[in-house]
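**Student:** This is the structure, below, for whatever I ask next.
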Amino acid sequence: MLLRQLRETMAEPLASQDRLDKIVSLIAENMRADVCSFYVLRDDGALELFATKGLKAESVHMTTLRLGEGLVGLIAAEAEPLSLDDAPSHPAFAYRPETGEDPYYAFLGVPVLRAGQTLGVLVVQNAERRHYGEDEVEAMLTTATILAEMVATSDFDNLIKPGSDIDLRRPRMFTGVSFTDGIALGTVVLHDPRVVVTNFIAEDTEQEKLRLDQALEKMRVSIDAMLDHGDMQPSSDHREILETYRMFANDRGWVHRLTEAIENGLSAEAAVERVQNDTRARMLRQTDPYIRDRLHDLDDLANRLLRVLTGDHQGMGRSLPDNAILVARNMGPAELLEYDRTKLRGIVLEEGGTTAHVAIVARSLGMVAVGQAQSIVSMCESGDDIILDGPAGVVHLRPTPDIEQAYVDKVRVSAKRRAHYAALKDKPSITRDGIEMTLLHNSGLVADLPMLDDTGAAGVGLFRTELQFMIASKLPRLREQIDLYAEAMAIAGDRPVVFRLLDIGGDKVVPYMRSMAEENPAMGYRSIRLGLDRPGLLRTQVRALLLAADGRPLKILVPMVTETFEFKQTRMVVHKEIDRLRRAGQKIPSRLELGVMVEVPSLLFELDQLLPEADFVSIGSNDLVQFLTASDRANPRVAKNYDAIGLPRLRAIRTVVDAAKRYNVPITMCGELAGKPLEALALMSIGMTKLSMGPASIGPIKELILNVELGPIKQAVAAALSDGSDGVSIRVLLQEWIDKQNLPV
Ligand code: PEP
Ligand code: MG
C-alpha cells in the first residue's frame, strides 16, 4: 500500500521539497509513527535533515549530524538498521534542541543504500515506548530502496546547503594496483550498467508471473541465438560464458526463487533484484574462486533478465563516448575485446591482479589500466569524469578542477615526450662512441605487433606464446596456432620474431589445463619441463611454428632450461618434426635457429656444455634474479630488497655474456632489466648489444643510447665488478655518470 502511494507521489508534478514532505508524511502515517525524518549525506560528510513530519519544520536543512555522530550518524556509518525502544538512553544519542525531539522514545532508523553505498538515513520515531519489529525494519528498508533511487536521480541543488552536493557526487580517489603505464582522462562507462527498477509492487501476481516467463523465454532465445551466431569462434571465452548463462537460464532452482518472490507481492523486476541481492551477498562471502565466478555469472544473467523486463537495452551494442573508460567489477579478455577499441582509453577493475589476462590484453592494446580499485563500481555512474594514473595505480573519480589541471599538464608533457621519441624511430641506435645496439620488442599478442612500426624496433626479441594460450578458453588447436604465428610473422615482415615455446605452469595459469596445487609453482612443473613431459603439446606447437614459417627463416627460443640435456631433447623434437614435414613434402624453414633462455642459475655452471649447442642465447633476468636471490619476483616485499644489478647479479650476467662471446653465440637480454634506462646502461657496460623490452621502453632507451659515450663507463663498471672490494654499488656508480654527463634518464 505504502509503496503504491510512494510511486504515485514520485510521478506527481511536485517541487522537490514538496515531494519529500509528502513522502515523509506518507511513511509516518503508514508506520503509525509520530515522526518520520529523512537525512541526506552531503559531500562534506554531514547528514543534513532534508524533510520531516513531526519534528520542528524550521530545523529542516538546518540540523546536521556528522557521520558517526548520534544515532543517525551511526546508522549511516555502519550501513545497518537500528531499532530502539528507548532512544535517549543509547550512548550514541545526540540531542539537537532545535528539532524538539525530546518526547520521542521508540526509534527505528535504516540506511538509504544504493549498490552498497550510503546516501542517507530514514528514521521513524514514536512518543510511546514501542518496539519496531522485523517486519517494520523490512518495510522501511524497502521504502529506503525507493528513496535511494530518488536521491540518485533528483536535482537537490537548490535544497542542499549552498556550495555542497550530495555525497554520491563527491570527488573520490581510489588507490589500486598499476596494470599499465600512461595517464587517461575520460568518461566512465559502466561495463554492467545498473538497471533502474521503478516498478516494485505487483498489481496482479498472475500477470507478473507471466511477464517473468516471457522475459525468461526471450532471454533464453537470445542466448541461443548468440551461441548459434556463425561468426563466433568456437574457442572464444565469450562462448564459454554464454554456455554458463544458458545453464543458469534453465536452472529450476533459480526460476523457482523468482516465482516465489512474485508470490510475496513483488513485481517481476523487483523479484529479480531481490534474488540478485541474495546472490551478491553470497558472492561477497564466498572464498572459493570457482564458485565466486559462477555467482558472478548468475549476477550478470540477472542483469540481462532485468534489462529484458524493463526494456532497458543500454548494455547491448552501446555506442561509446570518446575517451571511454570502462569500469567493471571484473571482466574477461574477450569481453574487453568486444568494445570499440578506437574509443576506449582505459579500464578500471575492482578485482584482478597484474597478471590477470584482461590486464595483459589491456597492456598489449595500449590502454591505461588500473586494478583492485575497491568498490568503485558502486561509487560511480556512467558519464562521470574520471582520471586514471596508470603508473601510480590511482583513480580519481569526479576529479576537482585542480586535480584535472595537474593531469592535463602531465599528459601534455608526456605527449611531447612521445612525439620526441617518435622522431627518433628511424635513427640507428648507435652510442656516441660508435657502438651499435639492437633494440627489440617483448610481446605476446598479435595485437601488439603493429607497434613495431611506431617504435622503429628491429624486431621481436621475445614473443611469449603462452599469452595467447592464457586468453583462450580452450587449448588452441594446430590450425589456430599456425594462423596465429603466420599472422605475427606477416605483420613483422622482414623483422625477425623470436617465438618462445610455451612457458605455462607456475603463475601462468591456463584455465583449461588441470594443474596440481604446488607448494612453489615458479619452481614447479612448468615451461619446457611440462613440454618435455607432455610431448604432444610441444610437438603441436613446434609443428605449427614450422608450418607458419612457410619456407621463411624461423627462430625458436626454449624457456626454463635447467640442464643442457633438456635443450638437446627439445632440439630432437624439433628435428623430428622437420623430418616429418620433409617426408610429407611440405616446406621447411630456410633457416632454423634454436635458442636457449638462461634463467635458471644452474646453467651458469655448464655454459661450456650449453653454448656449443645453441644458435643464440637470451637471458631472462626476471627469473634469473628471482632464483639467484631466492626471492619471489611477484612478492614486492622480498623482491625489492635485492638490486637486480647488484654486484653478484651483474657478475652472473657478465659470465654469460663473456662465455657467449667466446663461443661466438649471439646474446640478447629479454628480462625486464633491458627496458629500464639505468639497468640497460649496466647491461651495455658489460658488453650486451641486443636488448628486448616492452614497446613503451624503446624511445627512452634509444634516447639514452644516442647520448651516451660507453667506453669510459665500461671501464668503470669492469673495475667495480672485478675489484673485489665490497660496498661498491653499480647503481650509485652509474647514477653518478648519468648526472655528470647529464644523460637523459
Ligand atoms: C624472464 O624470466 O626474464 C623472462 C623474460 O620470462 P618471463 O618474464 O616470461 O618469465
Ligand atoms: Mg622467465
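Ligands are numbered from 1 in the order shown, residues from 1 within each chain, and chains are lettered A, B, ... in the order they appear in the C-alpha cells.
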Just list as a PyMOL selection string whatever in stretch 288-471 of chain A DSSP marks as strand (DSSP E or B).

**Tutor:** chain A and resi 324-328+344-349+368-371+385-389+394-397+430+436+438-443+460-464

**Student:** Kindly work out which residues sit at most 6 Å from ligand 2, using only C-alpha atoms and all ligand atoms, and give the list as a list in words.

**Tutor:**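 My answer, listing the contacting residues, is Gly620, Asn622 and Asp623 of chain A.
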
**Student:** Could I get the residues of chain A with an atom no further than 10 Å from an atom of ligand 1, each paired with its nearest atom pair and that distance in Å to one decimal, using only C-alpha atoms and all ligand atoms, sorted by chain and residue number, as JSON lines?

**Tutor:**
```
{"residue": "A:Asn442", "atom": "CA", "partner": "ligand 1", "partner_atom_place_in_ligand_line": "5 (C)", "distance": 8.2}
{"residue": "A:Ser443", "atom": "CA", "partner": "ligand 1", "partner_atom_place_in_ligand_line": "9 (O)", "distance": 9.9}
{"residue": "A:Gly444", "atom": "CA", "partner": "ligand 1", "partner_atom_place_in_ligand_line": "9 (O)", "distance": 9.5}
{"residue": "A:Gly461", "atom": "CA", "partner": "ligand 1", "partner_atom_place_in_ligand_line": "5 (C)", "distance": 9.8}
{"residue": "A:Leu462", "atom": "CA", "partner": "ligand 1", "partner_atom_place_in_ligand_line": "5 (C)", "distance": 7.4}
{"residue": "A:Phe463", "atom": "CA", "partner": "ligand 1", "partner_atom_place_in_ligand_line": "9 (O)", "distance": 9.2}
{"residue": "A:Arg464", "atom": "CA", "partner": "ligand 1", "partner_atom_place_in_ligand_line": "9 (O)", "distance": 6.5}
{"residue": "A:Thr465", "atom": "CA", "partner": "ligand 1", "partner_atom_place_in_ligand_line": "9 (O)", "distance": 9.5}
{"residue": "A:Glu466", "atom": "CA", "partner": "ligand 1", "partner_atom_place_in_ligand_line": "9 (O)", "distance": 8.7}
{"residue": "A:Leu467", "atom": "CA", "partner": "ligand 1", "partner_atom_place_in_ligand_line": "9 (O)", "distance": 9.4}
{"residue": "A:Arg500", "atom": "CA", "partner": "ligand 1", "partner_atom_place_in_ligand_line": "9 (O)", "distance": 9.1}
{"residue": "A:Leu502", "atom": "CA", "partner": "ligand 1", "partner_atom_place_in_ligand_line": "9 (O)", "distance": 9.6}
{"residue": "A:Asp503", "atom": "CA", "partner": "ligand 1", "partner_atom_place_in_ligand_line": "9 (O)", "distance": 7.0}
{"residue": "A:Ile504", "atom": "CA", "partner": "ligand 1", "partner_atom_place_in_ligand_line": "9 (O)", "distance": 9.2}
{"residue": "A:Gly506", "atom": "CA", "partner": "ligand 1", "partner_atom_place_in_ligand_line": "10 (O)", "distance": 9.6}
{"residue": "A:Asp507", "atom": "CA", "partner": "ligand 1", "partner_atom_place_in_ligand_line": "10 (O)", "distance": 9.3}
{"residue": "A:Lys508", "atom": "CA", "partner": "ligand 1", "partner_atom_place_in_ligand_line": "9 (O)", "distance": 8.8}
{"residue": "A:Ala522", "atom": "CA", "partner": "ligand 1", "partner_atom_place_in_ligand_line": "10 (O)", "distance": 9.2}
{"residue": "A:Ser527", "atom": "CA", "partner": "ligand 1", "partner_atom_place_in_ligand_line": "10 (O)", "distance": 9.3}
{"residue": "A:Pro559", "atom": "CA", "partner": "ligand 1", "partner_atom_place_in_ligand_line": "6 (O)", "distance": 7.6}
{"residue": "A:Met560", "atom": "CA", "partner": "ligand 1", "partner_atom_place_in_ligand_line": "2 (O)", "distance": 8.2}
{"residue": "A:Met597", "atom": "CA", "partner": "ligand 1", "partner_atom_place_in_ligand_line": "4 (C)", "distance": 8.3}
{"residue": "A:Val598", "atom": "CA", "partner": "ligand 1", "partner_atom_place_in_ligand_line": "2 (O)", "distance": 8.6}
{"residue": "A:Glu599", "atom": "CA", "partner": "ligand 1", "partner_atom_place_in_ligand_line": "2 (O)", "distance": 6.0}
{"residue": "A:Val600", "atom": "CA", "partner": "ligand 1", "partner_atom_place_in_ligand_line": "2 (O)", "distance": 8.9}
{"residue": "A:Ser618", "atom": "CA", "partner": "ligand 1", "partner_atom_place_in_ligand_line": "5 (C)", "distance": 8.3}
{"residue": "A:Ile619", "atom": "CA", "partner": "ligand 1", "partner_atom_place_in_ligand_line": "3 (O)", "distance": 6.7}
{"residue": "A:Gly620", "atom": "CA", "partner": "ligand 1", "partner_atom_place_in_ligand_line": "3 (O)", "distance": 3.0}
{"residue": "A:Ser621", "atom": "CA", "partner": "ligand 1", "partner_atom_place_in_ligand_line": "3 (O)", "distance": 4.0}
{"residue": "A:Asn622", "atom": "CA", "partner": "ligand 1", "partner_atom_place_in_ligand_line": "3 (O)", "distance": 3.4}
{"residue": "A:Asp623", "atom": "CA", "partner": "ligand 1", "partner_atom_place_in_ligand_line": "2 (O)", "distance": 3.9}
{"residue": "A:Leu624", "atom": "CA", "partner": "ligand 1", "partner_atom_place_in_ligand_line": "2 (O)", "distance": 6.4}
{"residue": "A:Val625", "atom": "CA", "partner": "ligand 1", "partner_atom_place_in_ligand_line": "3 (O)", "distance": 8.3}
{"residue": "A:Gln626", "atom": "CA", "partner": "ligand 1", "partner_atom_place_in_ligand_line": "2 (O)", "distance": 8.5}
{"residue": "A:Phe627", "atom": "CA", "partner": "ligand 1", "partner_atom_place_in_ligand_line": "2 (O)", "distance": 9.9}
{"residue": "A:Arg633", "atom": "CA", "partner": "ligand 1", "partner_atom_place_in_ligand_line": "2 (O)", "distance": 9.4}
{"residue": "A:Met669", "atom": "CA", "partner": "ligand 1", "partner_atom_place_in_ligand_line": "5 (C)", "distance": 8.0}
{"residue": "A:Cys670", "atom": "CA", "partner": "ligand 1", "partner_atom_place_in_ligand_line": "5 (C)", "distance": 4.9}
{"residue": "A:Gly671", "atom": "CA", "partner": "ligand 1", "partner_atom_place_in_ligand_line": "3 (O)", "distance": 3.5}
{"residue": "A:Glu672", "atom": "CA", "partner": "ligand 1", "partner_atom_place_in_ligand_line": "3 (O)", "distance": 6.3}
{"residue": "A:Leu673", "atom": "CA", "partner": "ligand 1", "partner_atom_place_in_ligand_line": "3 (O)", "distance": 8.2}
{"residue": "A:Ala674", "atom": "CA", "partner": "ligand 1", "partner_atom_place_in_ligand_line": "3 (O)", "distance": 9.7}
{"residue": "A:Ser692", "atom": "CA", "partner": "ligand 1", "partner_atom_place_in_ligand_line": "5 (C)", "distance": 9.0}
{"residue": "A:Met693", "atom": "CA", "partner": "ligand 1", "partner_atom_place_in_ligand_line": "5 (C)", "distance": 9.1}
```

**Student:** May I have all residues of stretch 12-214 of chain A that DSSP, computed from the backbone, assigns to alpha helix (DSSP H), given as a VMD selection string?

**Tutor:** chain A and resid 16 to 31 70 to 78 134 to 153 205 to 214

**Student:** Counting only C-alpha atoms, which residue out of A:Ala79, A:Ala28, A:Leu306, A:Leu212 sits closest to A:Val255?

**Tutor:**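 Nearest candidate to A:Val255 out of A:Ala79, A:Ala28, A:Leu306, A:Leu212: A:Leu212.
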
**Student:** Considering only C-alpha atoms, state which residue in the set A:Val361, A:Ile201, A:Ala77, A:Ala94 is at the smallest distance from A:Gln5.

**Tutor:**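 Nearest to A:Gln5: A:Ile201.
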
**Student:** Quick one: contact table of stretch 131-201 of chain A to stretch 328-342 of chain A, 8 Å max, nearest atom pair and distance in Å to one decimal per residue, counting only C-alpha atoms, chain and number order, as CSV?

**Tutor:**
```
residue,atom,partner,partner_atom,distance
A:Leu190,CA,A:Ala328,CA,6.3
A:His191,CA,A:Ala328,CA,5.3
A:Asp192,CA,A:Ala328,CA,6.8
```

**Student:** Write to file, as a PDB file, in the first residue's frame, the residues of the selection just made, with N, CA and C atoms.

**Tutor:**
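Result went into result_11.pdb, see below:
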```pdb
ATOM      1  N   LEU A 190      30.056   2.273 -17.414  1.00  0.00           N
ATOM      2  CA  LEU A 190      29.936   1.076 -16.580  1.00  0.00           C
ATOM      3  C   LEU A 190      29.780  -0.124 -17.503  1.00  0.00           C
ATOM      4  N   HIS A 191      30.653  -1.094 -17.333  1.00  0.00           N
ATOM      5  CA  HIS A 191      30.611  -2.289 -18.169  1.00  0.00           C
ATOM      6  C   HIS A 191      29.255  -2.973 -18.009  1.00  0.00           C
ATOM      7  N   ASP A 192      28.771  -2.929 -16.782  1.00  0.00           N
ATOM      8  CA  ASP A 192      27.500  -3.559 -16.496  1.00  0.00           C
ATOM      9  C   ASP A 192      26.576  -2.498 -15.925  1.00  0.00           C
TER      10      ASP A 192
END
```

**Student:** List the neighbours of A:Val221 out to 12 Å using only C-alpha atoms; skip same-chain residues closer than 3 positions along the sequence, and give me the result as a list of chain:residue names.

**Tutor:**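 So, after excluding close chain neighbours, the residues are A:Gln214, A:Ala215, A:Leu216, A:Glu217, A:Lys218, A:Asp224, A:Ala225, A:Met226, A:Leu227, A:Asp228, A:Leu242, A:Tyr245, A:Arg246, A:Ala249, A:Asn250, A:Val308.
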
**Student:** Check the smallest atom-to-atom distance from each of A:Tyr104, A:Val596, A:Ser267, A:Cys380 to A:Arg211 using only C-alpha atoms, then report the winner.

**Tutor:**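 Looking at the shortest contact to A:Arg211, the residue is A:Ser267.
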
**Student:** With only C-alpha atoms as the atoms that count, which of A:Lys56, A:Met173, A:Ile23, A:Asn30 lies nearest to A:Ala139?

**Tutor:**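 Ranking A:Lys56, A:Met173, A:Ile23, A:Asn30 by distance to A:Ala139, first place goes to A:Asn30.
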
**Student:** Give me the residues near A:Ser364 as number ranges by chain, where near means some atom within 10 Å (using only C-alpha atoms) and where sequence neighbours in that chain fewer than 3 positions away do not count.

**Tutor:** A: 180, 358-361, 367, 443-449, 451, 694-695

**Student:** So the first atom is atom CA of A:Val656 and the second is atom CA of A:Pro589; what is the distance between them in Å, to one decimal place?

**Tutor:** 28.6 Å

**Student:** Would you mind telling me which residue in A:Ile325, A:Val35, A:Ile556, A:Ala184 lies nearest to A:Ile387 when using only C-alpha atoms?

**Tutor:**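 Of A:Ile325, A:Val35, A:Ile556, A:Ala184, the one nearest A:Ile387 is A:Ala184, counting only C-alpha atoms.
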
**Student:** My list of candidates is A:Ile183, A:Ile698, A:Ala144, A:Leu20. Which is closest to A:Arg412 when distances are computed with only C-alpha atoms?

**Tutor:**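 Among the listed residues, A:Ile183 lies closest to A:Arg412.
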
**Student:** Give me the residues within 6 Å of A:Gly551 as a tab-separated table (two decimals) with C-alpha atoms, in the first residue's frame, counting only C-alpha atoms and dropping any in the same chain fewer than 6 places off.

**Tutor:**
```tsv
chain	number	residue	atom	x	y	z
A	587	LYS	CA	58.04	-26.57	-46.89
A	588	ILE	CA	60.55	-26.28	-44.10
A	589	PRO	CA	62.09	-23.03	-42.83
A	590	SER	CA	65.01	-21.79	-44.96
```

**Student:** Would you kindly return, as a list in words, each protein, DNA or RNA residue with an atom no farther than 10 Å from any atom of stretch 736-745 of chain A, considering only C-alpha atoms and excluding same-chain residues fewer than 5 positions away?

**Tutor:** Lys676, Pro677, Leu678, Leu681, Pro700, Ile701, Glu703, Leu704, Ile705, Leu706, Asn707, Val708, Glu709, Pro712, Ile713, Ala716, Ile730 and Arg731 of chain A

**Student:** Those residues you just picked out, can you put them in a file as a tab-separated table (two decimals), in the first residue's frame with all heavy atoms?

**Tutor:**
```tsv
chain	number	residue	atom	x	y	z
A	676	LYS	N	64.72	-0.71	-18.57
A	676	LYS	CA	64.89	0.38	-17.61
A	676	LYS	C	66.23	1.07	-17.89
A	676	LYS	O	67.26	0.39	-17.94
A	676	LYS	CB	64.90	-0.18	-16.19
A	676	LYS	CG	63.62	-0.90	-15.83
A	676	LYS	CD	63.72	-1.44	-14.42
A	676	LYS	CE	62.49	-2.24	-14.06
A	676	LYS	NZ	62.71	-3.05	-12.86
A	677	PRO	N	66.22	2.40	-18.05
A	677	PRO	CA	67.43	3.08	-18.53
A	677	PRO	C	68.70	2.78	-17.74
A	677	PRO	O	69.71	2.39	-18.32
A	677	PRO	CB	67.03	4.56	-18.47
A	677	PRO	CG	65.55	4.55	-18.64
A	677	PRO	CD	65.06	3.31	-17.96
A	678	LEU	N	68.66	2.94	-16.42
A	678	LEU	CA	69.90	2.75	-15.67
A	678	LEU	C	70.38	1.30	-15.78
A	678	LEU	O	71.57	1.02	-15.98
A	678	LEU	CB	69.70	3.15	-14.21
A	678	LEU	CG	70.96	3.27	-13.38
A	678	LEU	CD1	70.86	4.45	-12.41
A	678	LEU	CD2	71.24	2.00	-12.60
A	681	LEU	N	71.87	0.58	-19.10
A	681	LEU	CA	73.24	1.10	-19.17
A	681	LEU	C	74.21	0.09	-18.54
A	681	LEU	O	75.30	-0.15	-19.07
A	681	LEU	CB	73.28	2.44	-18.42
A	681	LEU	CG	74.49	3.33	-18.64
A	681	LEU	CD1	74.67	3.64	-20.11
A	681	LEU	CD2	74.35	4.63	-17.84
A	700	PRO	N	62.72	5.82	-24.68
A	700	PRO	CA	63.67	6.28	-23.66
A	700	PRO	C	65.04	5.60	-23.76
A	700	PRO	O	66.07	6.24	-23.57
A	700	PRO	CB	62.98	5.89	-22.34
A	700	PRO	CG	61.53	5.78	-22.67
A	700	PRO	CD	61.43	5.40	-24.10
A	701	ILE	N	65.06	4.31	-24.08
A	701	ILE	CA	66.36	3.61	-24.13
A	701	ILE	C	67.16	4.11	-25.35
A	701	ILE	O	68.38	4.30	-25.28
A	701	ILE	CB	66.17	2.08	-24.20
A	701	ILE	CG1	65.42	1.58	-22.95
A	701	ILE	CG2	67.50	1.35	-24.37
A	701	ILE	CD1	66.19	1.60	-21.67
A	703	GLU	N	66.98	7.04	-26.75
A	703	GLU	CA	67.44	8.38	-26.42
A	703	GLU	C	68.73	8.32	-25.59
A	703	GLU	O	69.69	9.05	-25.82
A	703	GLU	CB	66.31	9.06	-25.63
A	703	GLU	CG	66.72	10.24	-24.84
A	703	GLU	CD	66.22	11.54	-25.46
A	703	GLU	OE1	66.72	11.94	-26.51
A	703	GLU	OE2	65.31	12.12	-24.87
A	704	LEU	N	68.76	7.38	-24.65
A	704	LEU	CA	69.94	7.19	-23.81
A	704	LEU	C	71.13	6.77	-24.67
A	704	LEU	O	72.23	7.34	-24.57
A	704	LEU	CB	69.63	6.13	-22.75
A	704	LEU	CG	70.82	5.61	-21.94
A	704	LEU	CD1	71.33	6.70	-21.01
A	704	LEU	CD2	70.41	4.39	-21.11
A	705	ILE	N	70.91	5.79	-25.54
A	705	ILE	CA	71.99	5.28	-26.38
A	705	ILE	C	72.59	6.39	-27.23
A	705	ILE	O	73.81	6.53	-27.33
A	705	ILE	CB	71.46	4.13	-27.27
A	705	ILE	CG1	71.11	2.92	-26.40
A	705	ILE	CG2	72.47	3.75	-28.36
A	705	ILE	CD1	70.36	1.82	-27.12
A	706	LEU	N	71.71	7.21	-27.81
A	706	LEU	CA	72.19	8.26	-28.71
A	706	LEU	C	73.06	9.28	-27.98
A	706	LEU	O	73.87	9.97	-28.58
A	706	LEU	CB	71.01	8.97	-29.36
A	706	LEU	CG	70.15	8.11	-30.30
A	706	LEU	CD1	68.94	8.88	-30.79
A	706	LEU	CD2	70.98	7.62	-31.49
A	707	ASN	N	72.88	9.37	-26.67
A	707	ASN	CA	73.61	10.41	-25.92
A	707	ASN	C	74.80	9.92	-25.13
A	707	ASN	O	75.52	10.71	-24.54
A	707	ASN	CB	72.64	11.10	-24.96
A	707	ASN	CG	71.74	12.06	-25.70
A	707	ASN	OD1	72.16	13.15	-26.07
A	707	ASN	ND2	70.52	11.63	-25.98
A	708	VAL	N	74.98	8.60	-25.07
A	708	VAL	CA	75.99	8.09	-24.14
A	708	VAL	C	77.32	7.78	-24.85
A	708	VAL	O	77.34	7.39	-26.02
A	708	VAL	CB	75.45	6.84	-23.40
A	708	VAL	CG1	75.46	5.61	-24.29
A	708	VAL	CG2	76.26	6.57	-22.14
A	709	GLU	N	78.39	7.98	-24.10
A	709	GLU	CA	79.69	7.52	-24.56
A	709	GLU	C	80.02	6.34	-23.65
A	709	GLU	O	80.21	6.50	-22.44
A	709	GLU	CB	80.72	8.63	-24.42
A	709	GLU	CG	82.01	8.31	-25.13
A	709	GLU	CD	83.13	9.29	-24.78
A	709	GLU	OE1	82.82	10.39	-24.28
A	709	GLU	OE2	84.30	8.93	-24.98
A	712	PRO	N	84.18	4.93	-21.39
A	712	PRO	CA	84.60	5.17	-20.00
A	712	PRO	C	83.74	4.43	-18.98
A	712	PRO	O	84.24	3.96	-17.96
A	712	PRO	CB	84.43	6.68	-19.84
A	712	PRO	CG	84.22	7.24	-21.20
A	712	PRO	CD	83.79	6.15	-22.11
A	713	ILE	N	82.43	4.31	-19.28
A	713	ILE	CA	81.55	3.63	-18.33
A	713	ILE	C	81.90	2.15	-18.26
A	713	ILE	O	81.92	1.55	-17.19
A	713	ILE	CB	80.06	3.80	-18.74
A	713	ILE	CG1	79.71	5.28	-18.78
A	713	ILE	CG2	79.14	3.06	-17.81
A	713	ILE	CD1	78.30	5.59	-19.18
A	716	ALA	N	84.82	1.71	-15.97
A	716	ALA	CA	84.49	1.91	-14.55
A	716	ALA	C	83.72	0.70	-14.00
A	716	ALA	O	83.99	0.23	-12.90
A	716	ALA	CB	83.68	3.19	-14.38
A	730	ILE	N	76.95	-0.58	-8.18
A	730	ILE	CA	76.91	-0.28	-9.62
A	730	ILE	C	75.86	0.81	-9.87
A	730	ILE	O	76.05	1.70	-10.69
A	730	ILE	CB	76.55	-1.56	-10.42
A	730	ILE	CG1	77.60	-2.64	-10.20
A	730	ILE	CG2	76.35	-1.25	-11.89
A	730	ILE	CD1	78.91	-2.41	-10.90
A	731	ARG	N	74.77	0.72	-9.13
A	731	ARG	CA	73.69	1.70	-9.31
A	731	ARG	C	74.19	3.11	-9.00
A	731	ARG	O	73.97	4.05	-9.78
A	731	ARG	CB	72.51	1.33	-8.42
A	731	ARG	CG	71.26	2.17	-8.62
A	731	ARG	CD	70.07	1.60	-7.87
A	731	ARG	NE	69.68	0.31	-8.42
A	731	ARG	CZ	68.92	0.16	-9.50
A	731	ARG	NH1	68.44	1.21	-10.13
A	731	ARG	NH2	68.64	-1.04	-9.95
```

**Student:** As a VMD selection string, please: the residues near stretch 413-420 of chain A (cut-off 10 Å, only C-alpha atoms, same-chain neighbours under 2 positions excluded).

**Tutor:** chain A and resid 182 to 183 407 to 411 422 to 425 696 699 to 700 703

**Student:** Could you write those residues out with N, CA and C atoms, as a CSV table (one decimal), in the first residue's frame?

**Tutor:**
```
chain,number,residue,atom,x,y,z
A,182,GLY,N,51.0,5.1,-18.3
A,182,GLY,CA,50.1,6.0,-19.0
A,182,GLY,C,49.1,6.7,-18.2
A,183,ILE,N,48.5,7.8,-18.7
A,183,ILE,CA,47.5,8.5,-18.0
A,183,ILE,C,46.3,8.6,-18.9
A,407,TYR,N,46.7,16.9,-14.2
A,407,TYR,CA,46.8,15.8,-15.1
A,407,TYR,C,46.8,16.2,-16.5
A,408,VAL,N,46.1,17.2,-16.8
A,408,VAL,CA,46.1,17.8,-18.2
A,408,VAL,C,47.6,18.2,-18.5
A,409,ASP,N,48.2,18.8,-17.6
A,409,ASP,CA,49.6,19.2,-17.8
A,409,ASP,C,50.5,18.0,-17.9
A,410,LYS,N,50.3,17.0,-17.1
A,410,LYS,CA,51.1,15.8,-17.2
A,410,LYS,C,51.0,15.2,-18.5
A,411,VAL,N,49.8,15.1,-19.0
A,411,VAL,CA,49.5,14.4,-20.3
A,411,VAL,C,50.2,15.2,-21.4
A,422,ALA,N,59.1,9.5,-31.0
A,422,ALA,CA,58.6,9.0,-32.4
A,422,ALA,C,59.6,9.6,-33.4
A,423,ALA,N,60.1,10.8,-33.1
A,423,ALA,CA,61.0,11.4,-34.1
A,423,ALA,C,62.4,10.6,-34.2
A,424,LEU,N,62.6,9.8,-33.2
A,424,LEU,CA,63.9,9.1,-33.1
A,424,LEU,C,63.8,7.8,-33.8
A,425,LYS,N,62.6,7.4,-34.2
A,425,LYS,CA,62.4,6.0,-34.6
A,425,LYS,C,63.3,5.5,-35.8
A,696,ALA,N,56.9,0.4,-25.0
A,696,ALA,CA,57.0,1.7,-24.4
A,696,ALA,C,58.4,2.1,-24.0
A,699,GLY,N,61.7,4.1,-26.9
A,699,GLY,CA,62.0,5.5,-27.0
A,699,GLY,C,63.0,6.0,-26.0
A,700,PRO,N,62.7,5.8,-24.7
A,700,PRO,CA,63.7,6.3,-23.7
A,700,PRO,C,65.0,5.6,-23.8
A,703,GLU,N,67.0,7.0,-26.7
A,703,GLU,CA,67.4,8.4,-26.4
A,703,GLU,C,68.7,8.3,-25.6
```
